[in-house]
file structure-v2.tsv (TSV, C-alpha atoms and all ligand atoms)
chain	number	residue	atom	x	y	z
A	1	MET	CA	137.28	110.32	147.79
A	2	LYS	CA	139.12	107.73	145.76
A	3	VAL	CA	136.90	105.86	143.33
A	4	ILE	CA	139.64	103.61	141.97
A	5	GLU	CA	142.55	102.38	144.11
A	6	VAL	CA	144.82	99.86	142.49
A	7	HIS	CA	148.02	98.66	144.03
A	8	ASP	CA	150.70	96.52	142.43
A	9	LEU	CA	148.18	94.82	140.17
A	10	THR	CA	149.47	91.96	138.05
A	11	LYS	CA	147.55	89.87	135.56
A	12	ILE	CA	149.09	86.91	133.85
A	13	TYR	CA	147.03	85.10	131.24
A	14	GLN	CA	147.80	81.41	131.14
A	15	THR	CA	147.74	80.36	127.52
A	16	ARG	CA	147.57	76.85	126.20
A	17	LEU	CA	149.79	77.74	123.30
A	18	ARG	CA	153.47	76.94	123.49
A	19	LYS	CA	154.25	80.64	123.60
A	20	GLY	CA	153.57	80.40	127.33
A	21	ASN	CA	152.07	82.99	129.63
A	22	VAL	CA	151.24	86.58	128.80
A	23	VAL	CA	151.97	89.23	131.42
A	24	ALA	CA	149.19	91.70	130.56
A	25	LEU	CA	149.55	93.86	133.69
A	26	ASP	CA	152.82	94.07	135.54
A	27	GLY	CA	152.65	95.78	138.94
A	28	VAL	CA	150.21	98.60	138.10
A	29	THR	CA	149.58	101.16	140.85
A	30	LEU	CA	147.16	104.03	140.28
A	31	GLU	CA	144.40	105.98	141.99
A	32	VAL	CA	141.52	107.96	140.54
A	33	GLU	CA	139.63	110.63	142.49
A	34	GLN	CA	135.90	111.16	142.37
A	35	GLY	CA	134.84	113.68	139.72
A	36	GLU	CA	137.90	113.24	137.49
A	37	ILE	CA	138.08	112.25	133.87
A	38	PHE	CA	141.03	109.89	133.76
A	39	GLY	CA	142.56	108.59	130.53
A	40	LEU	CA	144.53	105.36	130.34
A	41	LEU	CA	146.68	105.55	127.24
A	42	GLY	CA	148.82	102.96	125.62
A	43	PRO	CA	149.63	101.18	122.38
A	44	ASN	CA	147.75	98.08	121.23
A	45	GLY	CA	148.29	95.22	123.60
A	46	ALA	CA	149.48	97.47	126.46
A	47	GLY	CA	146.91	95.98	128.85
A	48	LYS	CA	144.23	98.70	128.88
A	49	THR	CA	141.25	96.41	128.35
A	50	THR	CA	142.64	93.92	130.83
A	51	PHE	CA	142.85	96.71	133.41
A	52	VAL	CA	139.19	97.66	132.90
A	53	LYS	CA	138.16	94.00	133.07
A	54	ALA	CA	140.02	93.69	136.37
A	55	LEU	CA	138.11	96.70	137.74
A	56	LEU	CA	134.85	95.08	136.67
A	57	GLY	CA	135.75	91.77	138.27
A	58	ILE	CA	135.38	90.07	134.86
A	59	THR	CA	138.94	88.86	134.89
A	60	GLN	CA	140.63	87.39	137.90
A	61	ILE	CA	143.74	89.22	138.99
A	62	THR	CA	146.93	87.27	139.57
A	63	SER	CA	148.28	89.42	142.41
A	64	GLY	CA	147.93	92.87	143.93
A	65	THR	CA	144.82	94.71	145.03
A	66	ALA	CA	142.05	96.64	143.32
A	67	LEU	CA	139.27	98.61	144.98
A	68	VAL	CA	136.36	100.28	143.22
A	69	ALA	CA	134.40	102.71	145.39
A	70	GLY	CA	136.28	101.17	148.31
A	71	LEU	CA	135.13	97.62	147.51
A	72	PRO	CA	136.75	94.66	145.77
A	73	PRO	CA	135.53	94.40	142.14
A	74	GLN	CA	133.84	91.03	142.69
A	75	ASP	CA	131.58	92.52	145.37
A	76	PRO	CA	128.09	92.94	143.84
A	77	LEU	CA	127.82	96.30	145.60
A	78	SER	CA	130.92	97.51	143.77
A	79	ARG	CA	129.54	96.22	140.45
A	80	SER	CA	126.32	98.15	140.97
A	81	ARG	CA	128.27	101.43	141.27
A	82	VAL	CA	129.98	101.03	137.89
A	83	GLY	CA	128.62	101.73	134.41
A	84	PHE	CA	130.49	100.08	131.54
A	85	LEU	CA	130.79	100.61	127.80
A	86	PRO	CA	132.82	97.78	126.28
A	87	GLU	CA	135.24	98.00	123.37
A	88	ASN	CA	133.58	96.88	120.09
A	89	HIS	CA	130.25	96.29	121.79
A	90	ARG	CA	127.44	94.60	119.88
A	91	PHE	CA	124.11	95.46	121.41
A	92	PRO	CA	121.20	93.45	119.90
A	93	SER	CA	120.54	95.36	116.67
A	94	HIS	CA	116.79	94.70	116.59
A	95	LEU	CA	116.33	96.78	119.74
A	96	THR	CA	115.48	100.46	119.51
A	97	GLY	CA	117.50	102.99	121.49
A	98	LEU	CA	114.75	103.20	124.07
A	99	GLY	CA	114.47	99.39	124.05
A	100	LEU	CA	118.16	99.10	124.93
A	101	LEU	CA	117.75	101.49	127.86
A	102	GLU	CA	114.68	99.57	129.09
A	103	PHE	CA	116.65	96.35	128.84
A	104	ALA	CA	119.55	97.86	130.82
A	105	GLY	CA	117.05	99.17	133.38
A	106	ARG	CA	115.57	95.69	133.90
A	107	LEU	CA	119.06	94.18	134.17
A	108	HIS	CA	119.84	96.65	136.92
A	109	LYS	CA	116.48	95.88	138.58
A	110	ILE	CA	115.32	99.48	138.38
A	111	ARG	CA	111.59	99.63	139.17
A	112	PRO	CA	109.44	99.89	136.00
A	113	GLY	CA	108.02	103.35	136.78
A	114	ARG	CA	111.50	104.75	137.20
A	115	ILE	CA	112.93	103.15	134.05
A	116	HIS	CA	111.13	105.55	131.70
A	117	GLU	CA	111.96	108.60	133.73
A	118	ARG	CA	115.61	107.59	133.73
A	119	ALA	CA	115.61	106.71	130.00
A	120	ASP	CA	114.04	110.06	129.07
A	121	SER	CA	116.61	112.10	130.95
A	122	LEU	CA	119.50	110.06	129.58
A	123	LEU	CA	118.24	110.26	125.98
A	124	GLN	CA	118.29	114.01	126.48
A	125	LEU	CA	121.75	113.96	128.07
A	126	VAL	CA	123.24	112.13	125.09
A	127	GLY	CA	121.15	114.03	122.52
A	128	MET	CA	119.32	110.95	121.20
A	129	GLU	CA	115.66	111.81	121.93
A	130	LYS	CA	114.80	111.90	118.23
A	131	TRP	CA	116.29	108.47	117.63
A	132	ALA	CA	114.78	106.70	120.63
A	133	GLY	CA	112.32	104.73	118.44
A	134	THR	CA	114.85	103.80	115.75
A	135	ARG	CA	116.46	100.37	115.70
A	136	LEU	CA	120.13	100.19	116.66
A	137	ARG	CA	121.06	98.65	113.31
A	138	LYS	CA	120.33	102.02	111.69
A	139	TYR	CA	122.55	103.98	114.07
A	140	SER	CA	125.86	105.50	113.00
A	141	LYS	CA	128.94	104.62	115.06
A	142	GLY	CA	128.69	107.93	116.92
A	143	MET	CA	125.01	107.31	117.74
A	144	SER	CA	125.79	103.76	118.92
A	145	GLN	CA	128.43	105.10	121.26
A	146	ARG	CA	126.08	107.77	122.63
A	147	ILE	CA	123.29	105.27	123.30
A	148	GLY	CA	126.00	103.03	124.78
A	149	LEU	CA	126.90	105.80	127.20
A	150	ALA	CA	123.23	106.19	128.11
A	151	GLN	CA	122.85	102.46	128.90
A	152	ALA	CA	126.02	102.62	131.03
A	153	LEU	CA	124.47	105.47	133.02
A	154	MET	CA	121.06	103.81	133.63
A	155	ALA	CA	121.74	102.72	137.19
A	156	GLU	CA	123.24	106.08	138.18
A	157	PRO	CA	126.76	104.73	138.66
A	158	ASP	CA	129.50	106.70	140.43
A	159	LEU	CA	132.06	105.48	137.95
A	160	LEU	CA	131.86	105.17	134.20
A	161	LEU	CA	134.36	102.76	132.61
A	162	LEU	CA	134.72	103.32	128.89
A	163	ASP	CA	136.88	101.21	126.61
A	164	GLU	CA	137.82	103.23	123.51
A	165	PRO	CA	134.60	105.30	123.49
A	166	THR	CA	135.46	107.39	120.42
A	167	ASP	CA	137.23	104.77	118.31
A	168	GLY	CA	135.85	104.79	114.77
A	169	VAL	CA	133.60	107.79	115.43
A	170	ASP	CA	133.72	110.72	112.99
A	171	PRO	CA	134.97	114.16	114.14
A	172	ILE	CA	131.51	115.59	114.86
A	173	GLY	CA	130.52	112.45	116.75
A	174	LYS	CA	133.71	112.72	118.80
A	175	VAL	CA	132.90	116.28	119.82
A	176	GLU	CA	129.39	115.19	120.84
A	177	ILE	CA	130.73	112.33	122.96
A	178	LYS	CA	133.23	114.64	124.64
A	179	GLU	CA	130.42	117.05	125.48
A	180	VAL	CA	128.41	114.23	127.04
A	181	LEU	CA	131.39	113.14	129.14
A	182	LYS	CA	131.99	116.68	130.37
A	183	ARG	CA	128.32	116.86	131.46
A	184	VAL	CA	128.73	113.55	133.25
A	185	ARG	CA	131.73	114.95	135.11
A	186	GLU	CA	129.71	118.06	136.06
A	187	GLU	CA	127.30	115.72	137.82
A	188	GLY	CA	130.22	114.65	140.04
A	189	LYS	CA	130.68	111.25	138.42
A	190	THR	CA	134.07	109.79	137.64
A	191	VAL	CA	134.98	108.81	134.09
A	192	PHE	CA	137.77	106.34	133.37
A	193	LEU	CA	138.50	105.82	129.72
A	194	ASN	CA	140.91	103.75	127.70
A	195	SER	CA	142.16	105.24	124.51
A	196	HIS	CA	144.87	105.32	121.95
A	197	LEU	CA	143.44	108.54	120.49
A	198	LEU	CA	145.70	111.03	122.17
A	199	SER	CA	144.31	114.30	120.86
A	200	GLU	CA	140.88	113.25	122.15
A	201	VAL	CA	142.16	112.63	125.59
A	202	GLU	CA	144.27	115.79	125.61
A	203	SER	CA	141.20	118.01	125.36
A	204	LEU	CA	139.07	115.94	127.73
A	205	ALA	CA	140.95	114.24	130.54
A	206	ASP	CA	142.11	115.82	133.78
A	207	ARG	CA	144.82	113.21	134.31
A	208	VAL	CA	146.35	110.47	132.24
A	209	ALA	CA	148.58	107.47	132.66
A	210	ILE	CA	150.68	105.87	129.98
A	211	LEU	CA	150.65	102.11	130.01
A	212	SER	CA	153.17	100.10	128.03
A	213	LYS	CA	153.69	96.35	128.16
A	214	GLY	CA	151.61	96.18	131.31
A	215	LYS	CA	153.54	98.86	133.21
A	216	VAL	CA	152.63	102.46	134.05
A	217	LYS	CA	155.40	104.52	132.45
A	218	ARG	CA	154.14	107.91	133.54
A	219	ILE	CA	151.14	109.42	135.30
A	220	GLY	CA	150.12	113.06	135.73
A	221	THR	CA	147.86	115.89	134.67
A	222	VAL	CA	147.54	116.64	130.96
A	223	ASP	CA	149.25	119.96	131.68
A	224	GLU	CA	152.25	118.19	133.22
A	225	PHE	CA	152.56	116.03	130.13
A	226	THR	CA	152.36	118.89	127.64
A	227	ARG	CA	154.24	121.64	129.47
A	228	ARG	CA	157.89	122.08	128.82
A	229	SER	CA	158.30	125.38	130.61
A	230	LEU	CA	162.07	125.52	130.40
A	231	ARG	CA	162.06	125.62	126.64
A	232	TYR	CA	161.33	129.00	125.04
A	233	GLU	CA	160.72	130.18	121.53
A	234	ILE	CA	162.13	133.68	121.08
A	235	GLU	CA	160.89	135.55	118.07
A	236	ALA	CA	163.50	138.20	117.32
A	237	ALA	CA	165.46	139.55	114.34
A	238	ILE	CA	168.77	138.07	115.44
A	239	GLY	CA	170.55	138.21	112.09
A	240	ASN	CA	174.31	138.09	112.54
A	241	GLU	CA	174.39	139.02	116.21
A	242	ARG	CA	176.23	136.57	118.44
A	243	ILE	CA	174.13	135.52	121.38
A	244	ASP	CA	176.08	133.53	123.96
A	245	ILE	CA	174.34	130.91	126.01
A	246	PRO	CA	176.81	129.60	128.60
A	247	GLU	CA	176.40	125.94	129.47
A	248	LYS	CA	175.46	126.78	133.06
A	249	ILE	CA	172.40	128.68	131.79
A	250	GLY	CA	171.17	126.28	129.16
A	251	ARG	CA	171.53	125.52	125.48
A	252	ARG	CA	170.33	126.67	122.13
A	253	ILE	CA	168.09	124.22	120.30
A	254	SER	CA	167.84	126.07	117.01
A	255	ILE	CA	168.39	129.46	115.43
A	256	THR	CA	166.95	131.04	112.27
A	257	THR	CA	166.62	134.57	110.93
A	258	LYS	CA	163.23	134.72	112.66
A	259	GLY	CA	164.50	133.83	116.06
A	260	MET	CA	165.70	130.98	118.20
A	261	THR	CA	164.63	128.22	120.55
A	262	VAL	CA	166.48	127.77	123.83
A	263	GLU	CA	166.25	125.33	126.69
A	264	LEU	CA	167.23	126.75	130.05
A	265	ILE	CA	168.28	125.17	133.29
A	266	LYS	CA	166.21	127.62	135.37
A	267	GLU	CA	163.23	129.75	134.45
A	268	GLU	CA	164.84	133.03	135.56
A	269	TYR	CA	167.69	132.66	133.06
A	270	ILE	CA	165.31	133.85	130.35
A	271	ASN	CA	166.01	137.36	131.62
A	272	GLN	CA	169.72	136.99	130.88
A	273	ILE	CA	168.95	136.02	127.31
A	274	ILE	CA	166.57	138.95	126.93
A	275	ASP	CA	169.20	141.32	128.41
A	276	GLN	CA	171.74	140.16	125.85
A	277	LEU	CA	169.30	140.64	123.00
A	278	ARG	CA	168.43	144.12	124.21
A	279	MET	CA	172.07	145.11	124.66
A	280	LYS	CA	172.69	144.13	121.06
A	281	ARG	CA	169.60	146.13	120.11
A	282	VAL	CA	167.83	143.13	118.68
A	283	MET	CA	164.12	143.70	118.26
A	284	ILE	CA	162.22	141.11	120.36
A	285	ARG	CA	158.78	140.21	119.05
A	286	SER	CA	157.79	137.49	121.50
A	287	VAL	CA	159.04	135.03	124.09
A	288	THR	CA	156.86	131.94	124.41
A	289	PRO	CA	157.28	128.82	126.56
A	290	VAL	CA	157.07	125.80	124.30
A	291	LYS	CA	154.23	123.37	124.79
A	292	ILE	CA	154.22	119.93	123.28
A	293	THR	CA	151.23	117.85	122.29
A	294	LEU	CA	150.18	114.88	124.35
A	295	GLU	CA	151.08	112.77	121.32
A	296	GLN	CA	154.67	114.06	121.38
A	297	SER	CA	154.87	113.53	125.13
A	298	PHE	CA	153.48	110.00	124.73
A	299	PHE	CA	156.07	109.22	122.11
A	300	GLU	CA	158.88	110.55	124.27
A	301	THR	CA	157.67	108.55	127.26
A	302	LEU	CA	157.57	105.35	125.26
A	303	THR	CA	160.82	105.73	123.35
A	304	GLY	CA	162.90	108.15	125.41
A	305	ALA	CA	163.54	110.11	122.19
A	306	GLU	CA	162.63	113.75	121.73
A	307	GLU	CA	161.73	113.82	118.09
A	308	LYS	CA	158.89	111.86	116.61
A	309	PRO	CA	159.91	110.28	113.32
A	310	ALA	CA	158.21	111.88	110.31
Y	1	LIG	N1	141.97	86.25	127.23
Y	1	LIG	C1	143.27	86.40	126.95
Y	1	LIG	N2	144.11	85.32	126.94
Y	1	LIG	C2	145.42	85.47	126.67
Y	1	LIG	N3	146.01	86.65	126.42
Y	1	LIG	C3	145.25	87.76	126.43
Y	1	LIG	C4	143.84	87.69	126.70
Y	1	LIG	N4	143.33	88.95	126.64
Y	1	LIG	C5	144.37	89.76	126.36
Y	1	LIG	N5	145.52	89.06	126.22
Y	1	LIG	C6	146.87	89.59	125.95
Y	1	LIG	O1	147.19	90.51	126.99
Y	1	LIG	C7	147.85	91.66	126.47
Y	1	LIG	C8	147.06	92.92	126.81
Y	1	LIG	O2	145.83	92.92	126.08
Y	1	LIG	P1	144.71	94.02	126.21
Y	1	LIG	O3	143.56	93.62	125.39
Y	1	LIG	O4	144.47	94.30	127.66
Y	1	LIG	O5	145.45	95.29	125.56
Y	1	LIG	P2	144.87	96.70	125.10
Y	1	LIG	O6	145.80	97.73	125.65
Y	1	LIG	O7	143.44	96.82	125.48
Y	1	LIG	O8	145.03	96.67	123.53
Y	1	LIG	P3	144.14	97.35	122.37
Y	1	LIG	O9	144.62	98.77	122.26
Y	1	LIG	O10	144.51	96.57	121.15
Y	1	LIG	O11	142.69	97.26	122.73
Y	1	LIG	C9	148.01	91.41	124.99
Y	1	LIG	O12	149.28	90.86	124.78
Y	1	LIG	C10	146.93	90.40	124.67
Y	1	LIG	O13	147.29	89.60	123.59
Y	2	MG	MG	141.71	97.16	124.40
call {"tool": "encode", "arguments": {"input": "structure-v2.tsv", "output": "structure tokens"}}
result
Amino acid sequence: MKVIEVHDLTKIYQTRLRKGNVVALDGVTLEVEQGEIFGLLGPNGAGKTTFVKALLGITQITSGTALVAGLPPQDPLSRSRVGFLPENHRFPSHLTGLGLLEFAGRLHKIRPGRIHERADSLLQLVGMEKWAGTRLRKYSKGMSQRIGLAQALMAEPDLLLLDEPTDGVDPIGKVEIKEVLKRVREEGKTVFLNSHLLSEVESLADRVAILSKGKVKRIGTVDEFTRRSLRYEIEAAIGNERIDIPEKIGRRISITTKGMTVELIKEEYINQIIDQLRMKRVMIRSVTPVKITLEQSFFETLTGAEEKPA
């Protein structure tokens, strides 16, 4: 089942300034399946928050269509299926963690008897039982985000929309948040998150899209983004041996005394390279397909260049 279906979505902010209008989303098409963790990546100003606001029905779309759980975002039924954690949220700091969950429960019109049951299980899910009675103003950024996730989950939504959930959180806090999100996915819920923290998303998301200047530049699984199966690192004592790589097979990227990196046109050509090395009695230590990080892939998608500047 598709939880998010967006087709040719455009959002133009009308500004009063002379600068004119801002095209925040420019013909975005994407779909998210139930049970996925989906990451929307993009530089500052790419349109990520605007996209989430459109899914929540907070911002009016200029053209195109958006469906959340099969319903238009403005439909109250659709709203009730979505849990939301805003970017830079400011929950009232005098509330305790439990107080915030009770407040969210009342907002969602959950019956009073059920509110505490729900709050208890969510405090456990996000590992905040011990801090339930502490006021939010004493929470660390990581704790605020975890209680924020709990409030977003109060009404048992099918979809969790998270705007930069790990921004400003320390490394341990980030790991804890990722664990919570994986548990949420195990329950069959869908998680859609905005982020510019690529290494976070790399180890968490099933699929990602790269948004730039309001347009989707690329969409796919994390594996598709980071795999570059036709490039191989060959660890071998090549020394002075001449290894020919005809143009119709591929090209050499680099060579050192420790080995070489090649990029081939077809996977099976690796055998030809290995045959040559063996014929010349070169000792082969390893042949490894090269993987790139999501960050490298992101950079290449945005600039078209292969090397990230140092
Ligand atoms: N209410 C608004 N009125 C006018 N322009 C806006 C408004 N909100 C956002 N914009 C503009 O729309 C574009 C997209 O903004 P948006 O906040 O969606 O980007 P973002 O990808 O979430 O960025 P960030 O990574 O900084 O959070 C930007 O150029 C921004 O200045
Ligand atoms: Mg944003």
call {"tool": "residues_around", "arguments": {"input": "structure-v2.tsv", "residues": "Asp167 (chain A)", "least_positions_apart": "3", "cutoff": "9 Å", "atoms": "all atoms listed in the file", "output": "number ranges by chain"}}
result
A: 87-88, 141, 164, 170, 174, 195-197
call {"tool": "residues_near_point", "arguments": {"input": "structure-v2.tsv", "point": "(146.1, 93.3, 149.4)", "cutoff": "9 Å", "atoms": "all atoms listed in the file", "output": "ChimeraX atom specification"}}
result
/A:7-8,63-66
call {"tool": "axis_aligned_box", "arguments": {"input": "structure-v2.tsv", "around": "region 48-56 of chain A", "padding_each_side": "8 Å", "output": "JSON"}}
result
{"center_x": 139.5, "center_y": 96.2, "center_z": 133.0, "size_x": 25.4, "size_y": 21.0, "size_z": 25.4}
call {"tool": "closest_atom_pairs", "arguments": {"input": "structure-v2.tsv", "of": "chain A", "to": "ligand LIG 1 (chain Y)", "cutoff": "7 Å", "atoms": "only C-alpha atoms and all ligand atoms", "output": "Markdown table"}}
result
| residue | atom | partner | partner_atom | distance |
| --- | --- | --- | --- | --- |
| A:Tyr13 | CA | Y:LIG1 | C2 | 4.9 |
| A:Gln14 | CA | Y:LIG1 | C2 | 6.5 |
| A:Thr15 | CA | Y:LIG1 | C2 | 5.7 |
| A:Val22 | CA | Y:LIG1 | N3 | 5.7 |
| A:Val23 | CA | Y:LIG1 | O1 | 6.6 |
| A:Ala24 | CA | Y:LIG1 | O1 | 4.3 |
| A:Gly42 | CA | Y:LIG1 | O6 | 6.0 |
| A:Pro43 | CA | Y:LIG1 | O9 | 5.6 |
| A:Asn44 | CA | Y:LIG1 | O9 | 3.4 |
| A:Gly45 | CA | Y:LIG1 | O5 | 3.5 |
| A:Ala46 | CA | Y:LIG1 | O6 | 3.8 |
| A:Gly47 | CA | Y:LIG1 | O4 | 3.2 |
| A:Lys48 | CA | Y:LIG1 | O6 | 3.7 |
| A:Thr49 | CA | Y:LIG1 | O7 | 3.6 |
| A:Thr50 | CA | Y:LIG1 | O4 | 3.7 |
| A:Phe51 | CA | Y:LIG1 | O4 | 6.4 |
| A:His196 | CA | Y:LIG1 | O9 | 6.6 |
call {"tool": "closest_residue", "arguments": {"input": "structure-v2.tsv", "among": "A:Ile292, A:Leu193, A:Met260, A:Met283", "to": "ligand MG 2 (chain Y)", "atoms": "only C-alpha atoms and all ligand atoms"}}
result
A:Leu193
call {"tool": "atom_distance", "arguments": {"input": "structure-v2.tsv", "atom1": "CA of Gln276 (chain A)", "atom2": "CA of Lys291 (chain A)"}}
result
24.3 Å
call {"tool": "residues_near_point", "arguments": {"input": "structure-v2.tsv", "point": "(144.3, 112.2, 137.1)", "cutoff": "6 Å", "atoms": "all atoms listed in the file", "output": "count of residues only"}}
result
5
call {"tool": "atom_distance", "arguments": {"input": "structure-v2.tsv", "atom1": "CA of Thr256 (chain A)", "atom2": "CA of Thr293 (chain A)"}}
result
22.8 Å
call {"tool": "atom_distance", "arguments": {"input": "structure-v2.tsv", "atom1": "CA of Leu123 (chain A)", "atom2": "CA of Gly97 (chain A)"}}
result
8.6 Å
call {"tool": "closest_residue", "arguments": {"input": "structure-v2.tsv", "among": "A:Pro112, A:Gly127, A:Gly148, A:Gly105", "to": "Pro92 (chain A)", "atoms": "all atoms listed in the file"}}
result
A:Gly148
call {"tool": "build_atoms", "arguments": {"input": "structure-v2.tsv", "residues": "region 284-303 of chain A", "atoms": "N, CA and C atoms", "output": "PDB file, in the coordinates of the input"}}
result
ATOM      1  N   ILE A 284     162.860 142.340 119.865  1.00  0.00           N
ATOM      2  CA  ILE A 284     162.220 141.110 120.360  1.00  0.00           C
ATOM      3  C   ILE A 284     160.720 141.186 120.070  1.00  0.00           C
ATOM      4  N   ARG A 285     160.220 140.197 119.358  1.00  0.00           N
ATOM      5  CA  ARG A 285     158.780 140.210 119.050  1.00  0.00           C
ATOM      6  C   ARG A 285     157.981 139.428 120.081  1.00  0.00           C
ATOM      7  N   SER A 286     158.518 138.279 120.491  1.00  0.00           N
ATOM      8  CA  SER A 286     157.790 137.490 121.500  1.00  0.00           C
ATOM      9  C   SER A 286     158.707 136.475 122.150  1.00  0.00           C
ATOM     10  N   VAL A 287     158.336 136.096 123.366  1.00  0.00           N
ATOM     11  CA  VAL A 287     159.040 135.030 124.090  1.00  0.00           C
ATOM     12  C   VAL A 287     157.943 134.085 124.585  1.00  0.00           C
ATOM     13  N   THR A 288     157.953 132.855 124.083  1.00  0.00           N
ATOM     14  CA  THR A 288     156.860 131.940 124.410  1.00  0.00           C
ATOM     15  C   THR A 288     157.377 130.608 124.938  1.00  0.00           C
ATOM     16  N   PRO A 289     156.895 130.164 126.116  1.00  0.00           N
ATOM     17  CA  PRO A 289     157.280 128.820 126.560  1.00  0.00           C
ATOM     18  C   PRO A 289     156.709 127.784 125.594  1.00  0.00           C
ATOM     19  N   VAL A 290     157.505 126.794 125.276  1.00  0.00           N
ATOM     20  CA  VAL A 290     157.070 125.800 124.300  1.00  0.00           C
ATOM     21  C   VAL A 290     156.201 124.745 124.963  1.00  0.00           C
ATOM     22  N   LYS A 291     155.077 124.475 124.334  1.00  0.00           N
ATOM     23  CA  LYS A 291     154.230 123.370 124.790  1.00  0.00           C
ATOM     24  C   LYS A 291     154.346 122.253 123.774  1.00  0.00           C
ATOM     25  N   ILE A 292     154.218 121.023 124.228  1.00  0.00           N
ATOM     26  CA  ILE A 292     154.220 119.930 123.280  1.00  0.00           C
ATOM     27  C   ILE A 292     152.846 119.271 123.312  1.00  0.00           C
ATOM     28  N   THR A 293     152.526 118.525 122.285  1.00  0.00           N
ATOM     29  CA  THR A 293     151.230 117.850 122.290  1.00  0.00           C
ATOM     30  C   THR A 293     151.347 116.603 123.166  1.00  0.00           C
ATOM     31  N   LEU A 294     150.190 116.106 123.561  1.00  0.00           N
ATOM     32  CA  LEU A 294     150.180 114.880 124.350  1.00  0.00           C
ATOM     33  C   LEU A 294     150.780 113.744 123.520  1.00  0.00           C
ATOM     34  N   GLU A 295     150.552 113.809 122.207  1.00  0.00           N
ATOM     35  CA  GLU A 295     151.080 112.770 121.320  1.00  0.00           C
ATOM     36  C   GLU A 295     152.614 112.760 121.364  1.00  0.00           C
ATOM     37  N   GLN A 296     153.214 113.951 121.315  1.00  0.00           N
ATOM     38  CA  GLN A 296     154.670 114.060 121.380  1.00  0.00           C
ATOM     39  C   GLN A 296     155.189 113.537 122.729  1.00  0.00           C
ATOM     40  N   SER A 297     154.487 113.930 123.783  1.00  0.00           N
ATOM     41  CA  SER A 297     154.870 113.530 125.130  1.00  0.00           C
ATOM     42  C   SER A 297     154.782 112.003 125.278  1.00  0.00           C
ATOM     43  N   PHE A 298     153.730 111.448 124.718  1.00  0.00           N
ATOM     44  CA  PHE A 298     153.480 110.000 124.730  1.00  0.00           C
ATOM     45  C   PHE A 298     154.631 109.288 124.034  1.00  0.00           C
ATOM     46  N   PHE A 299     154.988 109.817 122.886  1.00  0.00           N
ATOM     47  CA  PHE A 299     156.070 109.220 122.110  1.00  0.00           C
ATOM     48  C   PHE A 299     157.382 109.267 122.880  1.00  0.00           C
ATOM     49  N   GLU A 300     157.642 110.417 123.503  1.00  0.00           N
ATOM     50  CA  GLU A 300     158.880 110.550 124.270  1.00  0.00           C
ATOM     51  C   GLU A 300     158.908 109.590 125.453  1.00  0.00           C
ATOM     52  N   THR A 301     157.745 109.447 126.106  1.00  0.00           N
ATOM     53  CA  THR A 301     157.670 108.550 127.260  1.00  0.00           C
ATOM     54  C   THR A 301     157.955 107.108 126.839  1.00  0.00           C
ATOM     55  N   LEU A 302     157.429 106.743 125.693  1.00  0.00           N
ATOM     56  CA  LEU A 302     157.570 105.350 125.260  1.00  0.00           C
ATOM     57  C   LEU A 302     158.943 105.039 124.672  1.00  0.00           C
ATOM     58  N   THR A 303     159.561 106.025 124.042  1.00  0.00           N
ATOM     59  CA  THR A 303     160.820 105.730 123.350  1.00  0.00           C
ATOM     60  C   THR A 303     162.019 106.393 123.995  1.00  0.00           C
TER      61      THR A 303
END
